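Engineer: See upload14.txt below, with compact mmCIF, C-alpha atoms and all ligand atoms.
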```txt
# COMPACT_ATOMS: atom_id res chain seq x y z
CA MET A 267 0.00 0.00 0.00
CA PRO A 268 1.44 3.44 -0.89
CA LYS A 269 2.31 6.05 1.73
CA ALA A 270 -0.76 7.79 3.15
CA VAL A 271 -2.14 10.21 5.72
CA ILE A 272 -4.39 8.31 8.16
CA VAL A 273 -7.06 10.48 9.78
CA ALA A 274 -7.81 9.45 13.39
CA LEU A 275 -11.60 9.39 13.82
CA ASP A 276 -11.51 9.96 17.58
CA PHE A 277 -15.24 10.60 17.84
CA PRO A 278 -17.59 9.14 20.46
CA ASN A 279 -20.37 8.05 18.12
CA LYS A 280 -21.64 7.48 14.60
CA GLN A 281 -23.41 10.83 14.37
CA GLU A 282 -20.25 12.90 14.92
CA THR A 283 -18.19 10.56 12.75
CA LEU A 284 -20.51 10.83 9.77
CA ALA A 285 -20.89 14.62 10.23
CA PHE A 286 -17.09 14.81 9.88
CA LEU A 287 -16.89 12.42 6.91
CA ASN A 288 -19.77 14.16 5.10
CA GLN A 289 -17.50 17.16 4.56
CA PHE A 290 -15.31 15.04 2.28
CA THR A 291 -17.37 14.80 -0.86
CA GLU A 292 -14.58 13.88 -3.26
CA GLU A 293 -11.69 12.48 -1.24
CA LYS A 294 -11.40 8.82 -0.33
CA LEU A 295 -9.67 8.88 3.05
CA PHE A 296 -7.63 6.38 5.05
CA VAL A 297 -9.16 6.63 8.53
CA LYS A 298 -8.33 5.16 11.92
CA VAL A 299 -11.16 3.79 14.04
CA GLY A 300 -10.15 3.29 17.65
CA MET A 301 -11.63 1.63 20.72
CA GLU A 302 -14.04 4.42 21.67
CA LEU A 303 -15.89 4.53 18.37
CA PHE A 304 -15.73 0.78 17.73
CA TYR A 305 -16.95 -0.14 21.20
CA SER A 306 -19.79 2.35 21.02
CA GLU A 307 -21.01 1.56 17.51
CA GLY A 308 -19.69 -1.95 16.78
CA PRO A 309 -18.94 -3.50 13.38
CA ALA A 310 -21.79 -1.50 11.76
CA ILE A 311 -19.66 1.66 11.83
CA ILE A 312 -16.95 -0.16 9.86
CA ARG A 313 -19.45 -1.21 7.20
CA GLU A 314 -20.85 2.32 7.05
CA ILE A 315 -17.40 3.90 6.56
CA LYS A 316 -16.39 1.25 4.03
CA SER A 317 -19.58 1.78 2.03
CA ARG A 318 -18.36 5.35 1.46
CA GLY A 319 -15.15 4.00 -0.09
CA HIS A 320 -12.70 4.93 2.68
CA HIS A 321 -9.81 2.72 3.81
CA ILE A 322 -9.76 1.73 7.48
CA PHE A 323 -7.10 1.11 10.13
CA LEU A 324 -8.94 -0.62 12.99
CA ASP A 325 -6.85 0.33 16.01
CA LEU A 326 -7.90 -2.11 18.75
CA LYS A 327 -4.39 -3.13 19.96
CA LEU A 328 -5.17 -6.77 20.74
CA HIS A 329 -3.23 -8.42 23.59
CA ASP A 330 -4.33 -11.82 24.98
CA ILE A 331 -3.33 -15.48 24.78
CA PRO A 332 -2.39 -16.55 21.21
CA ASN A 333 -5.46 -18.73 20.67
CA THR A 334 -7.86 -15.92 21.66
CA VAL A 335 -6.06 -13.35 19.51
CA GLU A 336 -6.04 -15.72 16.52
CA LYS A 337 -9.80 -16.17 16.78
CA ALA A 338 -10.45 -12.46 17.32
CA MET A 339 -8.36 -11.65 14.26
CA SER A 340 -10.39 -14.13 12.17
CA VAL A 341 -13.45 -12.10 13.10
CA LEU A 342 -11.79 -8.75 12.33
CA ALA A 343 -10.72 -10.11 8.92
CA THR A 344 -14.40 -10.59 8.04
CA LEU A 345 -14.82 -6.80 8.35
CA GLU A 346 -12.39 -6.39 5.44
CA VAL A 347 -10.49 -3.52 7.01
CA ASP A 348 -7.11 -2.51 5.59
CA MET A 349 -4.99 -2.49 8.75
CA VAL A 350 -5.19 -3.90 12.30
CA ASN A 351 -2.79 -4.02 15.25
CA VAL A 352 -1.62 -5.90 18.34
CA HIS A 353 0.69 -5.22 21.28
CA ALA A 354 4.19 -6.61 20.68
CA ALA A 355 4.28 -7.27 24.45
CA GLY A 356 1.96 -10.22 23.75
CA THR A 357 5.05 -12.15 22.50
CA ILE A 358 6.18 -13.45 19.10
CA ASP A 359 3.82 -16.44 19.46
CA MET A 360 0.84 -14.15 19.99
CA MET A 361 1.76 -11.95 17.01
CA ALA A 362 2.23 -15.03 14.80
CA ALA A 363 -1.18 -16.33 15.93
CA ALA A 364 -2.76 -12.95 15.08
CA LEU A 365 -1.24 -13.11 11.60
CA LYS A 366 -2.46 -16.71 11.17
CA GLY A 367 -6.04 -15.78 12.12
CA LEU A 368 -6.06 -12.94 9.60
CA THR A 369 -4.36 -14.90 6.82
CA ASN A 370 -6.64 -17.95 7.10
CA GLN A 371 -9.83 -15.90 7.21
CA ALA A 372 -8.78 -13.66 4.30
CA ALA A 373 -7.92 -16.76 2.24
CA LYS A 374 -11.32 -18.31 3.06
CA GLN A 375 -13.00 -15.18 1.73
CA SER A 376 -10.56 -14.86 -1.20
CA LYS A 377 -9.79 -11.34 0.04
CA LYS A 378 -6.55 -9.49 0.60
CA ARG A 379 -5.22 -9.91 4.12
CA PRO A 380 -5.32 -6.68 6.17
CA LEU A 381 -1.90 -5.26 7.07
CA ILE A 382 -0.99 -6.06 10.66
CA ILE A 383 1.30 -3.90 12.73
CA ALA A 384 2.49 -3.94 16.34
CA VAL A 385 2.57 -1.34 19.09
CA THR A 386 6.05 -1.46 20.66
CA GLN A 387 5.81 0.77 23.74
CA LEU A 388 2.97 3.23 24.10
CA THR A 389 4.20 6.82 23.98
CA SER A 390 2.42 7.38 27.29
CA THR A 391 4.99 5.01 28.86
CA ASP A 392 8.31 6.75 29.44
CA GLU A 393 11.54 4.93 30.26
CA ALA A 394 11.29 5.42 34.04
CA ARG A 395 7.72 4.08 34.15
CA MET A 396 8.58 1.16 31.87
CA GLN A 397 11.49 0.17 34.10
CA LYS A 398 9.63 0.69 37.38
CA ASP A 399 6.12 -0.59 36.55
CA LEU A 400 6.86 -3.15 33.83
CA LEU A 401 10.19 -4.33 35.30
CA ILE A 402 11.88 -3.92 31.91
CA SER A 403 15.48 -3.04 32.72
CA SER A 404 16.60 -2.21 29.14
CA SER A 405 16.45 1.33 27.76
CA LEU A 406 13.26 2.44 26.01
CA GLU A 407 15.11 2.61 22.69
CA GLU A 408 16.46 -0.94 23.04
CA THR A 409 12.99 -2.20 24.01
CA VAL A 410 11.36 -0.53 20.99
CA LYS A 411 14.06 -1.99 18.74
CA VAL A 412 13.73 -5.57 20.05
CA TYR A 413 9.92 -5.43 20.03
CA ALA A 414 10.04 -4.25 16.40
CA GLN A 415 12.40 -7.12 15.56
CA ASN A 416 10.01 -9.52 17.31
CA ALA A 417 7.14 -8.19 15.19
CA LYS A 418 9.23 -8.76 12.08
CA THR A 419 10.14 -12.30 13.24
CA ALA A 420 6.43 -13.04 13.74
CA GLY A 421 5.82 -12.01 10.12
CA LEU A 422 4.04 -8.72 10.84
CA ASP A 423 4.09 -5.86 8.34
CA GLY A 424 5.35 -3.07 10.60
CA VAL A 425 5.00 -1.10 13.83
CA VAL A 426 3.44 2.03 15.27
CA CYS A 427 6.29 4.28 16.38
CA SER A 428 7.50 7.82 16.82
CA PRO A 429 8.79 9.50 13.63
CA HIS A 430 12.11 9.75 15.49
CA GLU A 431 12.34 5.94 15.67
CA VAL A 432 11.63 5.36 11.97
CA GLN A 433 15.22 5.38 10.80
CA MET A 434 16.38 2.95 13.50
CA ILE A 435 13.45 0.62 12.78
CA HIS A 436 14.08 0.64 9.04
CA GLU A 437 17.76 -0.09 9.73
CA VAL A 438 17.08 -3.15 11.89
CA CYS A 439 13.89 -4.46 10.23
CA GLY A 440 14.43 -3.38 6.62
CA ALA A 441 13.16 -0.53 4.45
CA ASP A 442 9.97 -2.47 3.59
CA PHE A 443 8.92 -2.82 7.23
CA LEU A 444 6.12 -0.29 7.68
CA THR A 445 6.31 2.57 10.16
CA VAL A 446 3.03 4.19 11.19
CA THR A 447 3.65 7.39 13.11
CA PRO A 448 1.30 9.52 15.23
CA GLY A 449 2.27 12.71 17.08
CA ILE A 450 1.93 14.93 14.00
CA ARG A 451 1.27 18.67 14.25
CA PHE A 452 1.30 21.53 11.75
CA LEU A 453 3.55 24.47 12.67
CA ASP A 454 0.60 26.59 13.82
CA ASN A 455 -1.07 23.85 15.93
CA ASP A 456 -1.27 23.33 19.69
CA LYS A 457 0.55 20.22 20.82
CA ASP A 458 -2.54 19.14 22.85
CA ASP A 459 -1.41 16.23 25.02
CA GLN A 460 1.34 15.06 22.63
CA VAL A 461 4.82 15.54 24.10
CA ARG A 462 7.13 15.33 21.11
CA VAL A 463 5.55 16.37 17.84
CA THR A 464 6.66 16.29 14.20
CA THR A 465 5.38 18.13 11.14
CA PRO A 466 4.18 16.12 8.12
CA GLU A 467 7.20 17.42 6.15
CA LYS A 468 9.60 16.21 8.83
CA ALA A 469 7.84 12.82 9.11
CA LYS A 470 8.26 12.41 5.36
CA GLN A 471 11.92 13.35 5.60
CA LEU A 472 12.43 10.83 8.44
CA GLY A 473 10.92 8.09 6.26
CA SER A 474 7.49 7.46 7.88
CA ASP A 475 5.29 5.25 5.70
CA PHE A 476 1.99 6.40 7.21
CA ILE A 477 1.28 9.38 9.46
CA VAL A 478 -1.68 9.29 11.84
CA VAL A 479 -3.25 12.73 12.25
CA GLY A 480 -6.21 13.45 14.52
CA ARG A 481 -6.99 16.85 16.01
CA PRO A 482 -4.98 18.97 13.52
CA ILE A 483 -7.56 17.80 10.93
CA THR A 484 -10.69 16.90 12.93
CA LYS A 485 -10.64 20.13 14.98
CA ALA A 486 -9.52 22.42 12.14
CA LYS A 487 -11.80 25.28 11.05
CA ASP A 488 -11.75 23.75 7.57
CA PRO A 489 -10.99 20.03 7.93
CA VAL A 490 -10.94 19.40 4.17
CA LEU A 491 -8.36 22.13 3.62
CA ALA A 492 -6.30 20.92 6.61
CA TYR A 493 -6.38 17.36 5.18
CA LYS A 494 -5.37 18.54 1.70
CA ASN A 495 -2.49 20.62 3.10
CA CYS A 496 -1.33 17.70 5.21
CA GLN A 497 -1.44 15.31 2.27
CA GLN A 498 0.42 17.77 0.09
CA ALA A 499 3.12 18.23 2.73
CA PHE A 500 3.55 14.49 3.39
CA LEU A 501 3.24 13.12 -0.15
CA LYS A 502 4.65 15.85 -2.39
O1 LIG A 601 -5.23 14.12 17.75
P1 LIG A 601 -3.90 13.46 17.53
O2 LIG A 601 -3.26 13.79 16.21
O3 LIG A 601 -2.96 13.64 18.70
O4 LIG A 601 -4.28 11.91 17.45
C1 LIG A 601 -3.31 10.90 17.31
C2 LIG A 601 -3.96 9.56 17.26
O5 LIG A 601 -2.94 8.58 17.29
C3 LIG A 601 -4.89 9.26 18.44
O6 LIG A 601 -5.92 8.39 17.95
C4 LIG A 601 -3.99 8.51 19.39
O7 LIG A 601 -4.67 7.62 20.22
C5 LIG A 601 -3.08 7.76 18.44
N1 LIG A 601 -1.78 7.38 18.98
C6 LIG A 601 -0.87 8.29 19.49
N2 LIG A 601 0.33 7.86 19.98
C7 LIG A 601 0.63 6.55 19.98
C8 LIG A 601 -0.27 5.62 19.47
C9 LIG A 601 -1.49 6.07 18.97
O8 LIG A 601 -1.12 9.48 19.47
N3 LIG A 601 1.81 6.15 20.40
```
Using structure tokens, write down the structure that the file contains.
Structural biologist:
Amino acid sequence: MPKAVIVALDFPNKQETLAFLNQFTEEKLFVKVGMELFYSEGPAIIREIKSRGHHIFLDLKLHDIPNTVEKAMSVLATLEVDMVNVHAAGTIDMMAAALKGLTNQAAKQSKKRPLIIAVTQLTSTDEARMQKDLLISSSLEETVKVYAQNAKTAGLDGVVCSPHEVQMIHEVCGADFLTVTPGIRFLDNDKDDQVRVTTPEKAKQLGSDFIVVGRPITKAKDPVLAYKNCQQAFLK
């Protein structure tokens, strides 16, 4: 799949989601549906968004025993989304099981398998917290690197990471290993609750394959213009 801007649909319900999407009369977007929207509206919201021709990253970050994740992924594959994810902390076996569930279900339906990526460490977890609460004694950078390698070993397509980790991840996992990077802000935006932010131009320069952009587009005065500017900056 070519590089793309993924718009985070962090809305609480269908009504607000469709009001946002209705502004895009021509563009086919790549959107991210997270836990809040999916848990409130269920699979119907996926079908609704797909019927409008948009691509979907279903961001549910699965983490459970391998057998449970494999079965859950078989169900998600029936929704025919374009991208899903898991926590790398679930182990290589769990990630491989997730991939197996997706692959088998997609083959059964003669459909393309959704891309599957791993979350390494959440950006809300800093090194001190990771070492103290999770008892991981390595540095954050080393942990992100090894978790990305584990995802690659399990056969996954890529990871969610900071734009600043893209180069290191491409070095250890290969240029084809996808990097999906949130924490994007335009120069004139507030940082909101993001700590380290990157512009779309900088993310492109650092080699991000997909950028995930929420509030700079969803809360813009003119979301369509903000999306077009973002796309232009990231893809030009
Ligand atoms: O509004 P904003 O651009 O900050 O939204 C970023 C999106 O990316 C949100 O849906 C957020 O949950 C997600 N995300 C993130 N940082 C991560 C992983 C996901 O901001 N490390």
Engineer: Collect all residues with atoms no farther than 10 Å from ligand LIG 601 (chain A), counting all atoms listed in the file, and output them as a PyMOL selection string.
Structural biologist: chain A and resi 272-277+298-302+325+327+385-391+426-428+446-451+456-461+463+477-485
Engineer: Take the residues from that selection and write them out as a JSON list (two decimals), in the frame of the given file, keeping C-alpha atoms.
Structural biologist:
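Result saved to again-v9.json:
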```
[["chain", "number", "residue", "atom", "x", "y", "z"],
["A", 272, "ILE", "CA", -4.39, 8.31, 8.16],
["A", 273, "VAL", "CA", -7.06, 10.48, 9.78],
["A", 274, "ALA", "CA", -7.81, 9.45, 13.39],
["A", 275, "LEU", "CA", -11.60, 9.39, 13.82],
["A", 276, "ASP", "CA", -11.51, 9.96, 17.58],
["A", 277, "PHE", "CA", -15.24, 10.60, 17.84],
["A", 298, "LYS", "CA", -8.33, 5.16, 11.92],
["A", 299, "VAL", "CA", -11.16, 3.79, 14.04],
["A", 300, "GLY", "CA", -10.15, 3.29, 17.65],
["A", 301, "MET", "CA", -11.63, 1.63, 20.72],
["A", 302, "GLU", "CA", -14.04, 4.42, 21.67],
["A", 325, "ASP", "CA", -6.85, 0.33, 16.01],
["A", 327, "LYS", "CA", -4.39, -3.13, 19.96],
["A", 385, "VAL", "CA", 2.57, -1.34, 19.09],
["A", 386, "THR", "CA", 6.05, -1.46, 20.66],
["A", 387, "GLN", "CA", 5.81, 0.77, 23.74],
["A", 388, "LEU", "CA", 2.97, 3.23, 24.10],
["A", 389, "THR", "CA", 4.20, 6.82, 23.98],
["A", 390, "SER", "CA", 2.42, 7.38, 27.29],
["A", 391, "THR", "CA", 4.99, 5.01, 28.86],
["A", 426, "VAL", "CA", 3.44, 2.03, 15.27],
["A", 427, "CYS", "CA", 6.29, 4.28, 16.38],
["A", 428, "SER", "CA", 7.50, 7.82, 16.82],
["A", 446, "VAL", "CA", 3.03, 4.19, 11.19],
["A", 447, "THR", "CA", 3.65, 7.39, 13.11],
["A", 448, "PRO", "CA", 1.30, 9.52, 15.23],
["A", 449, "GLY", "CA", 2.27, 12.71, 17.08],
["A", 450, "ILE", "CA", 1.93, 14.93, 14.00],
["A", 451, "ARG", "CA", 1.27, 18.67, 14.25],
["A", 456, "ASP", "CA", -1.27, 23.33, 19.69],
["A", 457, "LYS", "CA", 0.55, 20.22, 20.82],
["A", 458, "ASP", "CA", -2.54, 19.14, 22.85],
["A", 459, "ASP", "CA", -1.41, 16.23, 25.02],
["A", 460, "GLN", "CA", 1.34, 15.06, 22.63],
["A", 461, "VAL", "CA", 4.82, 15.54, 24.10],
["A", 463, "VAL", "CA", 5.55, 16.37, 17.84],
["A", 477, "ILE", "CA", 1.28, 9.38, 9.46],
["A", 478, "VAL", "CA", -1.68, 9.29, 11.84],
["A", 479, "VAL", "CA", -3.25, 12.73, 12.25],
["A", 480, "GLY", "CA", -6.21, 13.45, 14.52],
["A", 481, "ARG", "CA", -6.99, 16.85, 16.01],
["A", 482, "PRO", "CA", -4.98, 18.97, 13.52],
["A", 483, "ILE", "CA", -7.56, 17.80, 10.93],
["A", 484, "THR", "CA", -10.69, 16.90, 12.93],
["A", 485, "LYS", "CA", -10.64, 20.13, 14.98]]
```
Engineer: In Å, how far is it from CA of Ser474 (chain A) to CA of Leu491 (chain A)?
Structural biologist: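 Spanning CA of Ser474 (chain A) to CA of Leu491 (chain A) is a straight-line distance of 22.0 Å.
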Engineer: Just checking: using only C-alpha atoms, which residue out of A:Met360, A:Ala417, A:Met267, A:Val297 ends up closest to Leu381 (chain A)?
Structural biologist: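 Ranked by minimum distance to Leu381 (chain A), first place goes to A:Met267.
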Engineer: Between A:Ala364, A:Ala441, A:Val341, A:Ile402, which one has atoms that come closest to Ile383 (chain A), using all atoms listed in the file?
Structural biologist: A:Ala364
Engineer: Quick one: of A:Thr445, A:Gln375, A:Val410, A:Ile322, who's nearest to Leu295 (chain A), counting all atoms listed in the file?
Structural biologist: A:Ile322
Engineer: Identify which of the residues A:Lys487, A:Lys280, A:Arg379, A:Lys269 lies closest to Ala469 (chain A), counting all atoms listed in the file when measuring atom-to-atom distances.
Structural biologist: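 Nearest candidate to Ala469 (chain A) out of A:Lys487, A:Lys280, A:Arg379, A:Lys269: A:Lys269.
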Engineer: Would you compute the box with edges along x, y and z of the file around region 346-351 of chain A, including every atom the file lists for it and 3 Å extra on each side, and give its centre and edge lengths in Å to one decimal, as lines of an AutoDock Vina configuration file?
Structural biologist:
```
center_x = -7.6
center_y = -4.4
center_z = 10.3
size_x = 15.6
size_y = 9.9
size_z = 15.8
```
Engineer: Name all residues at most 12 Å from Thr334 (chain A) (count all atoms listed in the file; drop same-chain ones fewer than 3 positions away) and give them as a short mmCIF file (atom, residue, chain, number, x, y, z; two decimals) with C-alpha atoms, keeping the file's coordinate frame.
Structural biologist:
```cif
data_model
loop_
_atom_site.label_atom_id
_atom_site.label_comp_id
_atom_site.auth_asym_id
_atom_site.auth_seq_id
_atom_site.Cartn_x
_atom_site.Cartn_y
_atom_site.Cartn_z
CA LEU A 328 -5.17 -6.77 20.74
CA HIS A 329 -3.23 -8.42 23.59
CA ASP A 330 -4.33 -11.82 24.98
CA ILE A 331 -3.33 -15.48 24.78
CA LYS A 337 -9.80 -16.17 16.78
CA ALA A 338 -10.45 -12.46 17.32
CA MET A 339 -8.36 -11.65 14.26
CA SER A 340 -10.39 -14.13 12.17
CA VAL A 341 -13.45 -12.10 13.10
CA GLY A 356 1.96 -10.22 23.75
CA ASP A 359 3.82 -16.44 19.46
CA MET A 360 0.84 -14.15 19.99
CA MET A 361 1.76 -11.95 17.01
CA ALA A 363 -1.18 -16.33 15.93
CA ALA A 364 -2.76 -12.95 15.08
CA LYS A 366 -2.46 -16.71 11.17
CA GLY A 367 -6.04 -15.78 12.12
#
```
Engineer: Select region 341-359 of chain A in the preceding structure and write N, CA, C and O atoms to a file as a PDB file, in the first residue's frame.
Structural biologist:
```
ATOM      1  N   VAL A 341     -12.215 -12.881  13.160  1.00  0.00           N
ATOM      2  CA  VAL A 341     -13.453 -12.099  13.104  1.00  0.00           C
ATOM      3  C   VAL A 341     -13.183 -10.726  12.470  1.00  0.00           C
ATOM      4  O   VAL A 341     -13.927 -10.281  11.589  1.00  0.00           O
ATOM      5  N   LEU A 342     -12.090 -10.084  12.890  1.00  0.00           N
ATOM      6  CA  LEU A 342     -11.786  -8.752  12.328  1.00  0.00           C
ATOM      7  C   LEU A 342     -11.548  -8.836  10.822  1.00  0.00           C
ATOM      8  O   LEU A 342     -11.886  -7.914  10.082  1.00  0.00           O
ATOM      9  N   ALA A 343     -10.968  -9.958  10.370  1.00  0.00           N
ATOM     10  CA  ALA A 343     -10.720 -10.110   8.918  1.00  0.00           C
ATOM     11  C   ALA A 343     -12.025 -10.129   8.137  1.00  0.00           C
ATOM     12  O   ALA A 343     -12.059  -9.704   6.976  1.00  0.00           O
ATOM     13  N   THR A 344     -13.115 -10.575   8.762  1.00  0.00           N
ATOM     14  CA  THR A 344     -14.398 -10.589   8.038  1.00  0.00           C
ATOM     15  C   THR A 344     -14.908  -9.171   7.788  1.00  0.00           C
ATOM     16  O   THR A 344     -15.762  -8.961   6.936  1.00  0.00           O
ATOM     17  N   LEU A 345     -14.384  -8.195   8.546  1.00  0.00           N
ATOM     18  CA  LEU A 345     -14.822  -6.797   8.351  1.00  0.00           C
ATOM     19  C   LEU A 345     -14.136  -6.155   7.148  1.00  0.00           C
ATOM     20  O   LEU A 345     -14.486  -5.049   6.736  1.00  0.00           O
ATOM     21  N   GLU A 346     -13.121  -6.874   6.630  1.00  0.00           N
ATOM     22  CA  GLU A 346     -12.392  -6.394   5.438  1.00  0.00           C
ATOM     23  C   GLU A 346     -11.814  -4.998   5.625  1.00  0.00           C
ATOM     24  O   GLU A 346     -11.946  -4.137   4.746  1.00  0.00           O
ATOM     25  N   VAL A 347     -11.208  -4.779   6.804  1.00  0.00           N
ATOM     26  CA  VAL A 347     -10.490  -3.518   7.013  1.00  0.00           C
ATOM     27  C   VAL A 347      -9.119  -3.633   6.358  1.00  0.00           C
ATOM     28  O   VAL A 347      -8.720  -4.714   5.914  1.00  0.00           O
ATOM     29  N   ASP A 348      -8.389  -2.520   6.297  1.00  0.00           N
ATOM     30  CA  ASP A 348      -7.112  -2.506   5.592  1.00  0.00           C
ATOM     31  C   ASP A 348      -5.920  -2.707   6.515  1.00  0.00           C
ATOM     32  O   ASP A 348      -4.841  -3.099   6.064  1.00  0.00           O
ATOM     33  N   MET A 349      -6.103  -2.394   7.804  1.00  0.00           N
ATOM     34  CA  MET A 349      -4.986  -2.494   8.748  1.00  0.00           C
ATOM     35  C   MET A 349      -5.528  -2.755  10.148  1.00  0.00           C
ATOM     36  O   MET A 349      -6.552  -2.187  10.525  1.00  0.00           O
ATOM     37  N   VAL A 350      -4.829  -3.628  10.898  1.00  0.00           N
ATOM     38  CA  VAL A 350      -5.190  -3.896  12.299  1.00  0.00           C
ATOM     39  C   VAL A 350      -3.899  -3.897  13.111  1.00  0.00           C
ATOM     40  O   VAL A 350      -2.806  -3.847  12.538  1.00  0.00           O
ATOM     41  N   ASN A 351      -4.025  -3.999  14.446  1.00  0.00           N
ATOM     42  CA  ASN A 351      -2.791  -4.015  15.248  1.00  0.00           C
ATOM     43  C   ASN A 351      -2.910  -4.839  16.523  1.00  0.00           C
ATOM     44  O   ASN A 351      -4.009  -5.207  16.945  1.00  0.00           O
ATOM     45  N   VAL A 352      -1.738  -5.134  17.094  1.00  0.00           N
ATOM     46  CA  VAL A 352      -1.621  -5.899  18.341  1.00  0.00           C
ATOM     47  C   VAL A 352      -0.521  -5.253  19.177  1.00  0.00           C
ATOM     48  O   VAL A 352       0.255  -4.445  18.659  1.00  0.00           O
ATOM     49  N   HIS A 353      -0.438  -5.650  20.447  1.00  0.00           N
ATOM     50  CA  HIS A 353       0.690  -5.220  21.281  1.00  0.00           C
ATOM     51  C   HIS A 353       1.838  -6.217  21.102  1.00  0.00           C
ATOM     52  O   HIS A 353       1.643  -7.425  21.314  1.00  0.00           O
ATOM     53  N   ALA A 354       3.020  -5.729  20.796  1.00  0.00           N
ATOM     54  CA  ALA A 354       4.190  -6.610  20.677  1.00  0.00           C
ATOM     55  C   ALA A 354       4.486  -7.292  22.012  1.00  0.00           C
ATOM     56  O   ALA A 354       5.071  -8.376  22.034  1.00  0.00           O
ATOM     57  N   ALA A 355       4.054  -6.682  23.121  1.00  0.00           N
ATOM     58  CA  ALA A 355       4.284  -7.270  24.448  1.00  0.00           C
ATOM     59  C   ALA A 355       3.580  -8.618  24.604  1.00  0.00           C
ATOM     60  O   ALA A 355       3.883  -9.375  25.519  1.00  0.00           O
ATOM     61  N   GLY A 356       2.660  -8.932  23.700  1.00  0.00           N
ATOM     62  CA  GLY A 356       1.964 -10.222  23.748  1.00  0.00           C
ATOM     63  C   GLY A 356       2.831 -11.401  23.344  1.00  0.00           C
ATOM     64  O   GLY A 356       2.373 -12.541  23.421  1.00  0.00           O
ATOM     65  N   THR A 357       4.038 -11.148  22.922  1.00  0.00           N
ATOM     66  CA  THR A 357       5.053 -12.149  22.496  1.00  0.00           C
ATOM     67  C   THR A 357       4.979 -12.466  20.990  1.00  0.00           C
ATOM     68  O   THR A 357       3.962 -12.217  20.330  1.00  0.00           O
ATOM     69  N   ILE A 358       6.075 -13.061  20.518  1.00  0.00           N
ATOM     70  CA  ILE A 358       6.178 -13.447  19.099  1.00  0.00           C
ATOM     71  C   ILE A 358       5.084 -14.474  18.772  1.00  0.00           C
ATOM     72  O   ILE A 358       4.436 -14.394  17.730  1.00  0.00           O
ATOM     73  N   ASP A 359       4.863 -15.416  19.695  1.00  0.00           N
ATOM     74  CA  ASP A 359       3.822 -16.436  19.455  1.00  0.00           C
ATOM     75  C   ASP A 359       2.453 -15.792  19.271  1.00  0.00           C
ATOM     76  O   ASP A 359       1.675 -16.185  18.409  1.00  0.00           O
TER      77      ASP A 359
END
```
